[in-house]
file query-v9.txt (compact mmCIF, C-alpha atoms and all ligand atoms)
# COMPACT_ATOMS: atom_id res chain seq x y z
CA MET A 25 -23.61 -9.75 -5.18
CA SER A 26 -26.38 -9.76 -2.58
CA ARG A 27 -25.84 -10.66 1.06
CA PHE A 28 -28.21 -13.61 0.51
CA LEU A 29 -26.02 -15.58 -1.90
CA SER A 30 -25.10 -19.02 -0.56
CA GLY A 31 -21.53 -19.17 0.74
CA GLY A 32 -20.05 -21.50 -1.85
CA LEU A 33 -21.19 -19.30 -4.72
CA SER A 34 -19.65 -16.02 -3.62
CA ALA A 35 -16.18 -16.90 -4.90
CA LEU A 36 -17.41 -18.54 -8.12
CA GLU A 37 -16.00 -16.98 -11.30
CA ALA A 38 -18.65 -17.34 -13.97
CA TYR A 39 -17.94 -18.30 -17.57
CA VAL A 40 -17.52 -15.24 -19.80
CA PRO A 41 -19.26 -15.69 -23.17
CA GLY A 42 -17.84 -14.03 -26.28
CA GLU A 43 -18.75 -10.33 -26.40
CA GLN A 44 -21.85 -9.28 -28.35
CA PRO A 45 -21.42 -5.49 -28.66
CA ARG A 46 -24.28 -3.50 -30.21
CA ASP A 47 -22.52 -0.15 -30.73
CA LYS A 48 -22.01 -0.84 -34.44
CA LYS A 49 -22.28 -3.63 -36.96
CA TYR A 50 -19.32 -6.00 -36.59
CA ILE A 51 -18.09 -8.90 -38.65
CA LYS A 52 -18.50 -11.47 -35.88
CA LEU A 53 -15.68 -14.00 -35.84
CA ASN A 54 -15.61 -14.46 -32.07
CA THR A 55 -18.17 -17.09 -31.03
CA ASN A 56 -17.81 -19.86 -33.61
CA GLU A 57 -21.29 -19.43 -35.04
CA SER A 58 -22.05 -20.51 -38.60
CA PRO A 59 -22.06 -17.82 -41.28
CA TYR A 60 -24.85 -19.75 -43.03
CA PRO A 61 -28.53 -19.73 -42.03
CA PRO A 62 -30.40 -22.89 -41.02
CA PRO A 63 -31.87 -24.82 -43.98
CA GLU A 64 -35.15 -23.87 -45.67
CA SER A 65 -36.76 -26.94 -44.03
CA VAL A 66 -36.48 -25.09 -40.69
CA VAL A 67 -38.12 -21.94 -42.03
CA LYS A 68 -40.98 -24.05 -43.38
CA ALA A 69 -41.41 -25.98 -40.11
CA ILE A 70 -42.42 -22.95 -38.08
CA GLY A 71 -45.59 -21.13 -39.04
CA ARG A 72 -48.56 -19.49 -37.33
CA THR A 73 -49.96 -22.76 -35.94
CA GLU A 74 -46.68 -23.71 -34.32
CA ILE A 75 -46.38 -20.24 -32.80
CA GLU A 76 -49.96 -20.37 -31.50
CA ASP A 77 -49.13 -23.74 -29.95
CA LEU A 78 -46.57 -22.02 -27.74
CA ARG A 79 -49.38 -21.80 -25.16
CA LEU A 80 -48.76 -25.53 -24.62
CA TYR A 81 -45.74 -27.01 -22.87
CA SER A 82 -43.17 -28.73 -25.00
CA ASP A 83 -42.86 -32.52 -25.08
CA PRO A 84 -40.45 -33.40 -22.22
CA GLU A 85 -39.56 -36.67 -23.99
CA CYS A 86 -38.89 -34.90 -27.31
CA LYS A 87 -40.28 -37.98 -29.06
CA VAL A 88 -40.25 -36.68 -32.62
CA LEU A 89 -36.84 -35.00 -32.38
CA ARG A 90 -35.34 -38.03 -30.65
CA ALA A 91 -36.63 -40.28 -33.43
CA ALA A 92 -35.07 -37.97 -36.03
CA VAL A 93 -31.68 -38.02 -34.25
CA SER A 94 -31.96 -41.80 -33.91
CA GLU A 95 -32.60 -42.16 -37.63
CA GLU A 96 -29.82 -39.76 -38.66
CA TYR A 97 -27.14 -41.42 -36.51
CA GLY A 98 -28.42 -45.02 -36.42
CA ILE A 99 -28.38 -45.04 -32.61
CA ASP A 100 -31.24 -46.39 -30.51
CA ARG A 101 -33.52 -43.79 -28.87
CA LYS A 102 -32.70 -45.04 -25.39
CA ASN A 103 -29.06 -44.09 -26.00
CA ILE A 104 -29.81 -40.47 -26.91
CA PHE A 105 -30.16 -37.45 -24.62
CA LEU A 106 -31.37 -34.04 -25.80
CA SER A 107 -30.68 -30.77 -24.07
CA ASN A 108 -30.90 -27.01 -24.06
CA GLY A 109 -27.52 -26.51 -25.74
CA SER A 110 -24.61 -28.87 -25.14
CA ASP A 111 -23.49 -26.67 -22.23
CA GLU A 112 -26.45 -28.13 -20.35
CA ILE A 113 -25.16 -31.68 -20.88
CA LEU A 114 -21.72 -30.64 -19.66
CA ASN A 115 -23.39 -29.09 -16.62
CA PHE A 116 -25.38 -32.27 -15.91
CA ALA A 117 -22.32 -34.49 -16.40
CA PHE A 118 -20.22 -32.52 -13.92
CA MET A 119 -23.14 -32.62 -11.49
CA ALA A 120 -23.61 -36.36 -11.97
CA TYR A 121 -20.07 -37.72 -12.24
CA GLY A 122 -17.72 -35.29 -10.49
CA ASP A 123 -17.61 -37.02 -7.09
CA LYS A 124 -14.17 -38.58 -7.59
CA GLY A 125 -12.81 -35.49 -9.32
CA ALA A 126 -12.51 -34.29 -12.90
CA VAL A 127 -9.61 -34.37 -15.34
CA PHE A 128 -9.15 -32.03 -18.31
CA PRO A 129 -6.34 -30.20 -20.14
CA ASP A 130 -5.05 -26.78 -19.04
CA ILE A 131 -5.98 -25.28 -22.38
CA THR A 132 -9.51 -26.20 -23.33
CA TYR A 133 -13.11 -24.99 -23.19
CA GLY A 134 -13.33 -22.56 -20.26
CA PHE A 135 -16.64 -23.86 -19.00
CA TYR A 136 -15.16 -27.11 -17.64
CA SER A 137 -13.35 -25.37 -14.79
CA VAL A 138 -16.44 -23.25 -14.04
CA PHE A 139 -18.65 -26.34 -13.65
CA ALA A 140 -15.98 -27.98 -11.48
CA GLU A 141 -15.90 -24.93 -9.24
CA LEU A 142 -19.69 -24.68 -9.16
CA TYR A 143 -19.99 -28.21 -7.81
CA GLY A 144 -16.88 -28.14 -5.61
CA ILE A 145 -15.19 -30.82 -7.74
CA LYS A 146 -11.47 -31.44 -7.34
CA THR A 147 -9.68 -31.05 -10.64
CA ASP A 148 -6.64 -32.66 -12.14
CA VAL A 149 -5.62 -30.18 -14.85
CA ILE A 150 -3.14 -31.77 -17.25
CA PRO A 151 -0.95 -29.42 -19.32
CA LEU A 152 -1.02 -29.87 -23.07
CA ASN A 153 2.37 -30.39 -24.75
CA ASP A 154 4.24 -27.28 -25.95
CA ASP A 155 2.72 -27.67 -29.41
CA PHE A 156 -0.78 -27.93 -27.82
CA THR A 157 -1.10 -31.62 -28.62
CA LEU A 158 -2.59 -33.78 -25.89
CA ASP A 159 -0.50 -36.35 -24.04
CA VAL A 160 -2.89 -39.29 -24.38
CA ASN A 161 -1.11 -41.44 -21.78
CA ALA A 162 -1.54 -38.72 -19.15
CA PHE A 163 -5.33 -39.14 -19.45
CA CYS A 164 -5.24 -42.93 -19.07
CA GLY A 165 -6.00 -44.82 -15.86
CA LYS A 166 -7.53 -41.82 -14.06
CA ASN A 167 -10.93 -43.41 -13.36
CA LYS A 168 -12.47 -40.02 -12.69
CA LEU A 169 -14.62 -37.81 -14.90
CA VAL A 170 -12.32 -37.22 -17.89
CA VAL A 171 -13.40 -34.37 -20.16
CA ILE A 172 -11.86 -33.83 -23.57
CA ALA A 173 -13.03 -31.55 -26.35
CA ASN A 174 -12.36 -33.15 -29.74
CA PRO A 175 -11.39 -31.09 -31.66
CA ASN A 176 -10.08 -29.10 -28.75
CA ALA A 177 -11.01 -25.46 -28.27
CA PRO A 178 -9.44 -23.00 -28.80
CA THR A 179 -6.57 -24.88 -30.48
CA GLY A 180 -8.68 -26.79 -33.02
CA LEU A 181 -6.40 -29.84 -32.72
CA ALA A 182 -8.11 -33.23 -32.96
CA LEU A 183 -7.30 -36.67 -31.59
CA GLU A 184 -7.48 -39.88 -33.61
CA LEU A 185 -10.36 -42.21 -32.80
CA SER A 186 -7.84 -44.83 -31.61
CA GLU A 187 -6.47 -42.31 -29.09
CA ILE A 188 -9.96 -41.59 -27.76
CA GLU A 189 -10.62 -45.32 -27.47
CA LYS A 190 -7.39 -45.77 -25.53
CA ILE A 191 -8.49 -43.14 -23.00
CA VAL A 192 -12.00 -44.61 -22.72
CA SER A 193 -10.85 -48.20 -22.30
CA SER A 194 -8.24 -47.26 -19.70
CA ASN A 195 -10.76 -45.43 -17.48
CA PRO A 196 -13.39 -48.15 -16.93
CA ASP A 197 -14.42 -46.69 -13.57
CA GLY A 198 -14.81 -43.10 -14.67
CA VAL A 199 -17.04 -41.43 -17.23
CA VAL A 200 -15.13 -40.15 -20.24
CA LEU A 201 -16.93 -37.21 -21.82
CA ILE A 202 -15.92 -36.35 -25.37
CA ASP A 203 -17.19 -32.89 -26.26
CA GLU A 204 -17.65 -32.95 -30.04
CA ALA A 205 -19.01 -29.43 -30.52
CA TYR A 206 -16.74 -29.01 -33.57
CA VAL A 207 -16.40 -32.59 -34.79
CA ASP A 208 -18.27 -32.11 -38.08
CA PHE A 209 -15.63 -29.74 -39.46
CA GLY A 210 -12.93 -32.37 -39.81
CA ALA A 211 -12.50 -34.81 -36.91
CA GLN A 212 -13.74 -38.35 -36.35
CA SER A 213 -16.69 -38.81 -34.02
CA ALA A 214 -16.48 -41.35 -31.23
CA TYR A 215 -20.25 -41.84 -31.01
CA ARG A 216 -20.18 -45.40 -32.33
CA LEU A 217 -17.90 -46.37 -29.43
CA THR A 218 -20.81 -45.72 -27.04
CA GLU A 219 -22.14 -49.10 -28.20
CA LYS A 220 -18.95 -50.75 -26.94
CA TYR A 221 -18.13 -48.82 -23.73
CA ASP A 222 -20.56 -48.08 -20.89
CA ASN A 223 -18.41 -45.20 -19.57
CA LEU A 224 -18.36 -43.06 -22.72
CA LEU A 225 -20.52 -39.96 -23.12
CA VAL A 226 -20.29 -38.26 -26.52
CA VAL A 227 -21.74 -34.74 -26.65
CA GLN A 228 -22.65 -32.81 -29.79
CA THR A 229 -24.54 -29.64 -30.64
CA PHE A 230 -26.70 -27.99 -33.29
CA SER A 231 -24.94 -24.68 -32.54
CA LYS A 232 -22.01 -24.83 -34.95
CA SER A 233 -22.20 -27.13 -37.97
CA ARG A 234 -26.00 -27.09 -37.99
CA SER A 235 -26.30 -23.28 -37.85
CA MET A 236 -28.61 -23.15 -34.84
CA ALA A 237 -26.70 -21.58 -31.93
CA GLY A 238 -29.68 -19.39 -31.06
CA ALA A 239 -32.08 -22.33 -30.85
CA ARG A 240 -30.09 -23.93 -27.99
CA LEU A 241 -30.05 -27.60 -28.88
CA GLY A 242 -27.49 -30.18 -27.82
CA PHE A 243 -27.52 -33.97 -27.86
CA ALA A 244 -25.51 -36.84 -26.49
CA PHE A 245 -24.95 -40.54 -27.04
CA ALA A 246 -24.16 -43.02 -24.28
CA ASP A 247 -25.04 -46.30 -22.62
CA ASN A 248 -28.69 -46.21 -21.54
CA GLU A 249 -27.76 -46.11 -17.85
CA ILE A 250 -25.83 -42.87 -18.39
CA ILE A 251 -28.78 -41.51 -20.36
CA GLU A 252 -31.06 -42.42 -17.44
CA ASP A 253 -28.80 -40.46 -15.06
CA LEU A 254 -28.98 -37.40 -17.27
CA GLU A 255 -32.76 -37.75 -17.62
CA LYS A 256 -33.05 -37.95 -13.85
CA ILE A 257 -31.19 -34.65 -13.46
CA LYS A 258 -33.25 -33.08 -16.22
CA TYR A 259 -36.53 -34.15 -14.58
CA SER A 260 -35.20 -32.80 -11.28
CA THR A 261 -34.37 -29.39 -12.69
CA ASN A 262 -36.24 -28.49 -15.90
CA PRO A 263 -38.29 -31.20 -17.66
CA TYR A 264 -39.33 -28.83 -20.48
CA ASN A 265 -35.76 -27.83 -21.19
CA ILE A 266 -36.18 -27.82 -24.97
CA ASN A 267 -38.87 -25.45 -26.17
CA ARG A 268 -41.46 -26.32 -28.83
CA LEU A 269 -39.93 -24.24 -31.63
CA THR A 270 -36.47 -25.68 -31.06
CA GLN A 271 -37.82 -29.23 -31.14
CA LEU A 272 -39.50 -28.47 -34.48
CA ALA A 273 -36.45 -26.67 -35.86
CA GLY A 274 -34.10 -29.45 -34.82
CA THR A 275 -36.27 -32.14 -36.39
CA ALA A 276 -36.54 -30.16 -39.63
CA ALA A 277 -32.80 -29.40 -39.68
CA LEU A 278 -32.03 -33.11 -39.64
CA LYS A 279 -34.06 -33.46 -42.84
CA SER A 280 -32.09 -30.97 -44.87
CA GLY A 281 -30.38 -33.39 -47.24
CA GLY A 282 -26.81 -32.46 -48.02
CA TYR A 283 -27.11 -28.80 -46.92
CA PHE A 284 -25.37 -29.30 -43.60
CA LYS A 285 -22.50 -31.33 -45.03
CA GLU A 286 -22.03 -28.83 -47.83
CA ASN A 287 -21.76 -25.98 -45.28
CA CYS A 288 -19.16 -27.92 -43.29
CA ARG A 289 -17.18 -28.49 -46.48
CA ARG A 290 -17.36 -24.80 -47.43
CA ILE A 291 -16.20 -23.77 -43.95
CA ALA A 292 -13.32 -26.27 -43.99
CA ASP A 293 -12.24 -24.97 -47.45
CA THR A 294 -12.36 -21.36 -46.25
CA ARG A 295 -10.44 -22.34 -43.11
CA GLU A 296 -7.59 -23.82 -45.16
CA TYR A 297 -7.51 -20.77 -47.45
CA VAL A 298 -7.33 -18.32 -44.51
CA LYS A 299 -4.72 -20.47 -42.76
CA LYS A 300 -2.45 -20.24 -45.83
CA GLU A 301 -2.96 -16.51 -46.15
CA LEU A 302 -2.09 -15.99 -42.47
CA GLU A 303 0.98 -18.20 -42.85
CA ASN A 304 2.01 -16.05 -45.81
CA MET A 305 2.00 -13.15 -43.33
CA GLU A 306 4.25 -15.25 -41.07
CA PHE A 307 1.58 -16.15 -38.54
CA THR A 308 1.88 -19.43 -36.66
CA VAL A 309 -1.43 -21.25 -37.14
CA THR A 310 -2.43 -24.56 -35.53
CA ALA A 311 -3.72 -27.42 -37.71
CA SER A 312 -7.34 -26.79 -36.83
CA ALA A 313 -10.01 -29.37 -37.60
CA ALA A 314 -12.72 -27.01 -36.33
CA ASN A 315 -14.61 -23.96 -37.66
CA PHE A 316 -12.01 -21.60 -36.22
CA LEU A 317 -8.31 -20.86 -36.50
CA PHE A 318 -5.89 -20.30 -33.65
CA ALA A 319 -3.06 -18.01 -34.67
CA LYS A 320 -0.27 -15.78 -33.42
CA SER A 321 2.36 -13.50 -34.93
CA ASP A 322 5.78 -12.59 -33.58
CA LYS A 323 5.25 -9.09 -34.94
CA ILE A 324 2.19 -8.07 -32.94
CA ARG A 325 0.90 -8.90 -29.47
CA GLY A 326 -2.22 -11.04 -29.44
CA LYS A 327 -4.26 -8.48 -27.54
CA GLU A 328 -3.14 -5.62 -29.80
CA LEU A 329 -4.25 -7.44 -32.93
CA TYR A 330 -7.60 -8.21 -31.32
CA LEU A 331 -8.10 -4.54 -30.33
CA LYS A 332 -7.03 -3.17 -33.71
CA LEU A 333 -9.39 -5.52 -35.53
CA LYS A 334 -12.19 -4.49 -33.20
CA GLU A 335 -11.56 -0.84 -34.11
CA LYS A 336 -11.98 -1.88 -37.74
CA GLY A 337 -15.29 -3.57 -36.95
CA ILE A 338 -14.05 -7.17 -36.83
CA LEU A 339 -14.45 -9.23 -33.67
CA ILE A 340 -12.18 -12.17 -32.90
CA ARG A 341 -11.62 -13.90 -29.56
CA HIS A 342 -8.63 -13.13 -27.38
CA PHE A 343 -8.00 -15.07 -24.16
CA ASP A 344 -5.98 -13.32 -21.45
CA LYS A 345 -4.67 -16.65 -20.30
CA GLU A 346 -1.21 -18.02 -19.64
CA ARG A 347 0.38 -19.87 -22.58
CA ILE A 348 -2.12 -18.57 -25.13
CA SER A 349 -2.22 -14.80 -24.60
CA GLU A 350 -0.30 -14.16 -27.84
CA TYR A 351 -2.86 -16.14 -29.82
CA ASN A 352 -6.29 -15.25 -31.11
CA ARG A 353 -9.15 -17.54 -32.04
CA ILE A 354 -10.75 -16.60 -35.32
CA THR A 355 -14.08 -18.10 -36.32
CA VAL A 356 -14.24 -19.10 -39.98
CA GLY A 357 -17.01 -17.00 -41.48
CA SER A 358 -18.15 -16.71 -45.08
CA ARG A 359 -15.55 -16.23 -47.80
CA GLU A 360 -16.48 -12.50 -48.01
CA GLU A 361 -16.14 -12.01 -44.24
CA MET A 362 -12.76 -13.71 -44.29
CA GLU A 363 -11.53 -11.55 -47.20
CA ALA A 364 -12.47 -8.49 -45.11
CA PHE A 365 -10.66 -10.01 -42.12
CA LEU A 366 -7.50 -10.72 -44.15
CA LYS A 367 -7.53 -7.23 -45.65
CA ALA A 368 -7.77 -5.70 -42.17
CA VAL A 369 -4.96 -7.93 -40.85
CA ARG A 370 -2.75 -6.95 -43.82
CA GLU A 371 -3.35 -3.25 -43.10
CA ILE A 372 -2.58 -3.69 -39.40
CA MET A 373 0.61 -5.64 -40.11
CA GLU A 374 1.78 -2.97 -42.55
CA GLU A 375 1.18 -0.24 -39.95
CA THR A 376 2.97 -2.31 -37.30
CA VAL A 377 6.42 -2.76 -38.95
N1 LIG B 401 -18.24 -27.22 -26.11
C1 LIG B 401 -17.36 -26.41 -26.68
C2 LIG B 401 -15.94 -26.89 -26.84
C3 LIG B 401 -17.74 -25.12 -27.11
O1 LIG B 401 -16.84 -24.30 -27.64
C4 LIG B 401 -19.07 -24.72 -26.95
C5 LIG B 401 -19.54 -23.37 -27.43
N2 LIG B 401 -19.24 -22.32 -26.61
C6 LIG B 401 -19.96 -25.61 -26.33
C7 LIG B 401 -19.52 -26.86 -25.94
C8 LIG B 401 -21.37 -25.23 -26.02
O2 LIG B 401 -22.17 -25.11 -27.14
P1 LIG B 401 -23.75 -25.05 -27.05
O3 LIG B 401 -24.16 -24.92 -25.60
O4 LIG B 401 -24.12 -23.87 -27.86
O5 LIG B 401 -24.22 -26.34 -27.62

call {"tool": "encode", "arguments": {"input": "query-v9.txt", "output": "structure tokens", "more": "lines below"}}
Ligand code: PMP
result
Amino acid sequence: MSRFLSGGLSALEAYVPGEQPRDKKYIKLNTNESPYPPPESVVKAIGRTEIEDLRLYSDPECKVLRAAVSEEYGIDRKNIFLSNGSDEILNFAFMAYGDKGAVFPDITYGFYSVFAELYGIKTDVIPLNDDFTLDVNAFCGKNKLVVIANPNAPTGLALELSEIEKIVSSNPDGVVLIDEAYVDFGAQSAYRLTEKYDNLLVVQTFSKSRSMAGARLGFAFADNEIIEDLEKIKYSTNPYNINRLTQLAGTAALKSGGYFKENCRRIADTREYVKKELENMEFTVTASAANFLFAKSDKIRGKELYLKLKEKGILIRHFDKERISEYNRITVGSREEMEAFLKAVREIMEETV
């Protein structure tokens, strides 16, 4: 840290992304990326001309991409916001709506508390129940910025649409942000409710189900006044936040027919298969609706399993955090990757007893 850093930032603890070691080739099951490449339509969309056009700025309005999102979801363009990854929308939302404080669960996406700290926002952190389910009533009537990941991370547990609606309708004077990074793998999206409630902001991403984490593309649906707020922040920070290639790739990805849905189905099938196999080894595994599993064993410490798998060239995510330190989050990769993972876990468990 330099002696020039502004006072408020010196104590800030930054978000720690999943490790990306380069010392050897790992099976990467630690950052919830897709095991499948983007569709062929994306490969075709980017050629020499598009690369030569990189000398030009990107379209700050993202007209073509916005039209494609509008068509895919049947939501008017004025109710859509596009961003450099969905993290950027979360960032903007905390910046825009944190004045009265922010409410989120104790076990959830780690970036929420970082944004709150960054902007000096008071937080009301509500513990999940012992089984990691969310106490819906505890999130009602807060009238602050309420942030809920659905499905939640790292537990994978999802809320019913009626539960989301209850939270939204009971917080008319606060923005309710539903982070749907993993919604396509088995939960119900709340995006249609943005037509009914002016305080709902639904955030999604191309990073997981659409296989484009490296392109950095997020999007959100909300009442047009919320979209205007987000646009205002974007134009006050980085108007060209989505680069030319990502705009092209995103537009093409939306025109990939059933490819994206088929990948989600394959991942959900693999998830259920791996869940059963882990349960056969007496792991406790949450009922995940996402592209990852959250699991623990009474026979091995969470951190030990993580370290032993890493030695065997398999990366999973361990959180050194109260209540969940015995668990690990395991991204659902391809069937072959998951067979290798299960084989390694079997070996470790045999060595352990
Ligand atoms: N929300 C949740 C719950 C996540 O796990 C992630 C991925 N780390 C994000 C948002 C951000 O995804 P991205 O910025 O790649 O869209």

call {"tool": "residues_near_ligand", "arguments": {"input": "query-v9.txt", "ligand": "ligand LIG 401 (chain B)", "cutoff": "8 Å", "atoms": "only C-alpha atoms and all ligand atoms", "output": "PyMOL selection string"}}
result
chain A and resi 41+55-56+108-112+114+132-133+173-178+203-206+228-232+237-238+240-242

call {"tool": "atom_distance", "arguments": {"input": "query-v9.txt", "atom1": "CA of Tyr330 (chain A)", "atom2": "CA of Phe128 (chain A)"}}
result
27.2 Å

call {"tool": "closest_residue", "arguments": {"input": "query-v9.txt", "among": "A:Lys220, A:Pro151, A:Leu333, A:Glu296", "to": "Arg347 (chain A)", "atoms": "all atoms listed in the file"}}
result
A:Pro151

call {"tool": "residues_around", "arguments": {"input": "query-v9.txt", "residues": "region 42-44 of chain A", "least_positions_apart": "2", "cutoff": "8 Å", "atoms": "all atoms listed in the file", "output": "ChimeraX atom specification"}}
result
/A:40,46,54-55,341

call {"tool": "closest_residue", "arguments": {"input": "query-v9.txt", "among": "A:Glu375, A:Arg216, A:Ala276, A:Arg353", "to": "Val88 (chain A)", "atoms": "only C-alpha atoms"}}
result
A:Ala276

call {"tool": "residues_around", "arguments": {"input": "query-v9.txt", "residues": "Thr355 (chain A)", "least_positions_apart": "4", "cutoff": "12 Å", "atoms": "all atoms listed in the file", "output": "MDAnalysis selection string"}}
result
chainID A and resid 42 51:59 177:180 206 232 291:292 294:295 298:299 312 314:319 338:342 359 361:362 365

call {"tool": "axis_aligned_box", "arguments": {"input": "query-v9.txt", "around": "region 119-126 of chain A", "padding_each_side": "6 Å", "output": "lines of an AutoDock Vina configuration file"}}
result
center_x = -18.1
center_y = -35.6
center_z = -10.0
size_x = 23.1
size_y = 18.0
size_z = 17.8

call {"tool": "decode", "arguments": {"input": "query-v9.txt", "residues": "region 149-166 of chain A", "atoms": "N, CA, C and O atoms", "output": "short mmCIF file (atom, residue, chain, number, x, y, z; two decimals), in the first residue's frame"}}
result
data_model
loop_
_atom_site.label_atom_id
_atom_site.label_comp_id
_atom_site.auth_asym_id
_atom_site.auth_seq_id
_atom_site.Cartn_x
_atom_site.Cartn_y
_atom_site.Cartn_z
N VAL A 149 -26.57 -8.04 8.18
CA VAL A 149 -26.23 -9.37 7.67
C VAL A 149 -27.09 -10.40 8.39
O VAL A 149 -27.00 -10.57 9.61
N ILE A 150 -27.97 -11.06 7.65
CA ILE A 150 -28.96 -11.96 8.26
C ILE A 150 -28.49 -13.41 8.12
O ILE A 150 -28.27 -13.89 7.01
N PRO A 151 -28.34 -14.11 9.26
CA PRO A 151 -27.86 -15.50 9.18
C PRO A 151 -28.85 -16.40 8.44
O PRO A 151 -30.07 -16.29 8.63
N LEU A 152 -28.33 -17.27 7.61
CA LEU A 152 -29.17 -18.31 7.02
C LEU A 152 -29.55 -19.29 8.13
O LEU A 152 -28.88 -19.35 9.17
N ASN A 153 -30.61 -20.07 7.91
CA ASN A 153 -30.97 -21.13 8.86
C ASN A 153 -29.85 -22.17 8.92
O ASN A 153 -28.96 -22.17 8.07
N ASP A 154 -29.93 -23.07 9.91
CA ASP A 154 -28.87 -24.08 10.06
C ASP A 154 -28.68 -24.92 8.80
O ASP A 154 -27.58 -25.37 8.50
N ASP A 155 -29.78 -25.16 8.08
CA ASP A 155 -29.66 -25.98 6.86
C ASP A 155 -29.36 -25.11 5.63
O ASP A 155 -29.51 -25.57 4.49
N PHE A 156 -28.96 -23.86 5.86
CA PHE A 156 -28.58 -22.90 4.81
C PHE A 156 -29.77 -22.37 4.01
O PHE A 156 -29.58 -21.68 3.01
N THR A 157 -30.99 -22.72 4.41
CA THR A 157 -32.13 -22.10 3.74
C THR A 157 -32.26 -20.67 4.25
O THR A 157 -31.71 -20.31 5.30
N LEU A 158 -32.97 -19.86 3.47
CA LEU A 158 -33.07 -18.44 3.80
C LEU A 158 -34.42 -18.17 4.47
O LEU A 158 -35.45 -18.65 4.01
N ASP A 159 -34.37 -17.44 5.57
CA ASP A 159 -35.59 -17.08 6.29
C ASP A 159 -36.22 -15.88 5.57
O ASP A 159 -35.83 -14.73 5.77
N VAL A 160 -37.19 -16.18 4.72
CA VAL A 160 -37.77 -15.16 3.84
C VAL A 160 -38.32 -13.97 4.65
O VAL A 160 -38.10 -12.81 4.31
N ASN A 161 -39.00 -14.28 5.75
CA ASN A 161 -39.61 -13.19 6.54
C ASN A 161 -38.58 -12.20 7.06
O ASN A 161 -38.86 -11.01 7.20
N ALA A 162 -37.37 -12.71 7.34
CA ALA A 162 -36.33 -11.83 7.88
C ALA A 162 -35.87 -10.79 6.86
O ALA A 162 -35.22 -9.81 7.21
N PHE A 163 -36.18 -11.01 5.59
CA PHE A 163 -35.78 -10.07 4.53
C PHE A 163 -36.93 -9.15 4.12
O PHE A 163 -36.78 -8.35 3.22
N CYS A 164 -38.07 -9.31 4.79
CA CYS A 164 -39.24 -8.49 4.44
C CYS A 164 -39.25 -7.19 5.25
O CYS A 164 -38.74 -7.16 6.38
N GLY A 165 -39.82 -6.15 4.67
CA GLY A 165 -40.02 -4.89 5.39
C GLY A 165 -38.74 -4.16 5.76
O GLY A 165 -38.72 -3.35 6.67
N LYS A 166 -37.66 -4.41 5.08
CA LYS A 166 -36.37 -3.75 5.39
C LYS A 166 -36.28 -2.36 4.76
O LYS A 166 -35.67 -1.45 5.31
#
